[in-house]
Amino acid sequence: MIAAITKDAFKAREDHWKSRGFVGRCLLVSFSYSEGTKLKIHEHIRKGFPSKTIEIITGRATNVEIPSRMAEKVQDLAIARTPFSTGFRLHKQLRALVQAHALYFGRVKVNKEDFEEIRRLSKFMNLDYYQI
């Protein structure tokens, strides 16, 4: 089994896991991403990998295109909203949200209005408890 955990999360559980012998059974590997690697991963996500097929709204598999300019805006928003992490997970989540918003309005291509609505709502996606 391979698992990943942040340093803070590990430290919070370390004594518990050590007392049960779990840590001694693990091969712990530490790593971090260089800025260049982070940008390459974001580029990979921005270009649509992994591809996402949405079925929830239409009941059938549907691909929703995100034009490159909108994809760049989504990436920039994800990076701006996650100063404490890589932003990879939020990047994928925001892509799915703009696609779902477009699909909700019957479109298979994301437009500026889709992005702007998700950008507007993104201020409520936080740990500062800004309320809708």
# chains A, B, ... in the order shown; residues from 1 in each chain; ligands from 1
call {"tool": "residues_around", "arguments": {"residues": "Glu65 of chain A", "least_positions_apart": "6", "cutoff": "9 Å", "atoms": "only C-alpha atoms", "output": "number ranges by chain"}}
result
A: 48, 99, 108-110
call {"tool": "write_last_selection", "arguments": {"atoms": "N, CA and C atoms", "output": "mmCIF file, in the first residue's frame"}}
result
data_model
loop_
_atom_site.group_PDB
_atom_site.id
_atom_site.type_symbol
_atom_site.label_atom_id
_atom_site.label_comp_id
_atom_site.auth_asym_id
_atom_site.auth_seq_id
_atom_site.Cartn_x
_atom_site.Cartn_y
_atom_site.Cartn_z
ATOM 1 N N GLY A 48 -6.641 19.217 -19.487
ATOM 2 C CA GLY A 48 -7.746 18.272 -19.434
ATOM 3 C C GLY A 48 -7.412 16.866 -19.015
ATOM 4 N N GLN A 99 -17.451 23.153 -15.630
ATOM 5 C CA GLN A 99 -18.078 22.251 -16.596
ATOM 6 C C GLN A 99 -19.524 21.962 -16.204
ATOM 7 N N VAL A 108 -22.143 22.544 -23.927
ATOM 8 C CA VAL A 108 -21.051 21.567 -23.839
ATOM 9 C C VAL A 108 -19.700 22.257 -23.997
ATOM 10 N N LYS A 109 -19.698 23.573 -23.845
ATOM 11 C CA LYS A 109 -18.466 24.358 -23.889
ATOM 12 C C LYS A 109 -18.563 25.451 -22.831
ATOM 13 N N VAL A 110 -17.550 25.532 -21.975
ATOM 14 C CA VAL A 110 -17.520 26.531 -20.913
ATOM 15 C C VAL A 110 -17.348 27.920 -21.521
#
call {"tool": "select_by_dssp", "arguments": {"residues": "segment 26-109 of chain A", "states": "strand (DSSP E or B)", "output": "PyMOL selection string"}}
result
chain A and resi 53-54+62-63+65+109
call {"tool": "write_last_selection", "arguments": {"atoms": "C-alpha atoms", "output": "PDB file, in the first residue's frame"}}
result
ATOM      1  CA  THR A  53     -17.093  12.883 -18.348  1.00  0.00           C
ATOM      2  CA  ILE A  54     -20.155  14.257 -16.572  1.00  0.00           C
ATOM      3  CA  THR A  62     -21.122  14.175 -21.717  1.00  0.00           C
ATOM      4  CA  ASN A  63     -17.791  15.867 -22.335  1.00  0.00           C
ATOM      5  CA  GLU A  65     -14.943  21.526 -23.317  1.00  0.00           C
ATOM      6  CA  LYS A 109     -18.466  24.358 -23.889  1.00  0.00           C
TER       7      LYS A 109
END
call {"tool": "closest_residue", "arguments": {"among": "A:Val98, A:Leu39, A:Leu90, A:Ile79", "to": "Pro67 of chain A", "atoms": "only C-alpha atoms"}}
result
A:Val98
call {"tool": "atom_distance", "arguments": {"atom1": "atom CA of His91 of chain A", "atom2": "atom CA of Val74 of chain A"}}
result
6.8 Å
call {"tool": "atom_distance", "arguments": {"atom1": "atom CA of Gly24 of chain A", "atom2": "atom CA of Thr6 of chain A"}}
result
18.2 Å
call {"tool": "atom_distance", "arguments": {"atom1": "atom CA of Leu77 of chain A", "atom2": "atom CA of Leu103 of chain A"}}
result
20.5 Å
call {"tool": "residues_around", "arguments": {"residues": "Ser30 of chain A", "least_positions_apart": "3", "cutoff": "12 Å", "atoms": "only C-alpha atoms", "output": "NGL selection string"}}
result
:A and (3-7 or 10 or 27 or 33)
call {"tool": "write_last_selection", "arguments": {"atoms": "N, CA and C atoms", "output": "CSV table (one decimal), in the first residue's frame"}}
result
chain,number,residue,atom,x,y,z
A,3,ALA,N,0.6,5.4,0.6
A,3,ALA,CA,-0.3,6.5,1.1
A,3,ALA,C,0.5,7.7,1.2
A,4,ALA,N,-0.2,8.8,1.2
A,4,ALA,CA,0.5,10.1,1.3
A,4,ALA,C,-0.2,10.9,2.5
A,5,ILE,N,0.6,11.6,3.2
A,5,ILE,CA,0.0,12.4,4.3
A,5,ILE,C,0.9,13.6,4.5
A,6,THR,N,0.3,14.7,4.9
A,6,THR,CA,1.1,15.9,5.1
A,6,THR,C,1.9,15.7,6.4
A,7,LYS,N,3.0,16.5,6.5
A,7,LYS,CA,3.8,16.5,7.7
A,7,LYS,C,3.0,16.8,9.0
A,10,PHE,N,0.8,13.9,9.9
A,10,PHE,CA,1.6,12.8,10.4
A,10,PHE,C,2.0,13.1,11.9
A,27,LEU,N,7.6,2.3,5.4
A,27,LEU,CA,8.8,2.9,4.8
A,27,LEU,C,8.4,4.3,4.5
A,33,TYR,N,7.6,19.2,-4.2
A,33,TYR,CA,7.6,19.5,-5.6
A,33,TYR,C,8.4,20.8,-5.8
call {"tool": "select_by_dssp", "arguments": {"residues": "chain A", "states": "alpha helix (DSSP H)", "output": "ChimeraX atom specification"}}
result
/A:7-19,35-46,68-81,88-104,112-122
call {"tool": "residues_around", "arguments": {"residues": "Glu117 of chain A", "least_positions_apart": "5", "cutoff": "10 Å", "atoms": "only C-alpha atoms", "output": "ChimeraX atom specification"}}
result
/A:97-98,101,112,122
call {"tool": "write_last_selection", "arguments": {"atoms": "C-alpha atoms", "output": "PDB file, in the first residue's frame"}}
result
ATOM      1  CA  LEU A  97     -17.575  23.070 -11.349  1.00  0.00           C
ATOM      2  CA  VAL A  98     -17.243  25.268 -14.445  1.00  0.00           C
ATOM      3  CA  HIS A 101     -22.275  25.056 -14.609  1.00  0.00           C
ATOM      4  CA  LYS A 112     -16.995  33.417 -19.501  1.00  0.00           C
ATOM      5  CA  SER A 122     -15.072  30.485  -4.867  1.00  0.00           C
TER       6      SER A 122
END
call {"tool": "closest_residue", "arguments": {"among": "A:Arg119, A:Arg107, A:Lys52, A:His44", "to": "Met70 of chain A", "atoms": "only C-alpha atoms"}}
result
A:Arg119
call {"tool": "closest_residue", "arguments": {"among": "A:Arg69, A:Lys11, A:Arg89, A:His16", "to": "His42 of chain A", "atoms": "only C-alpha atoms"}}
result
A:Arg89
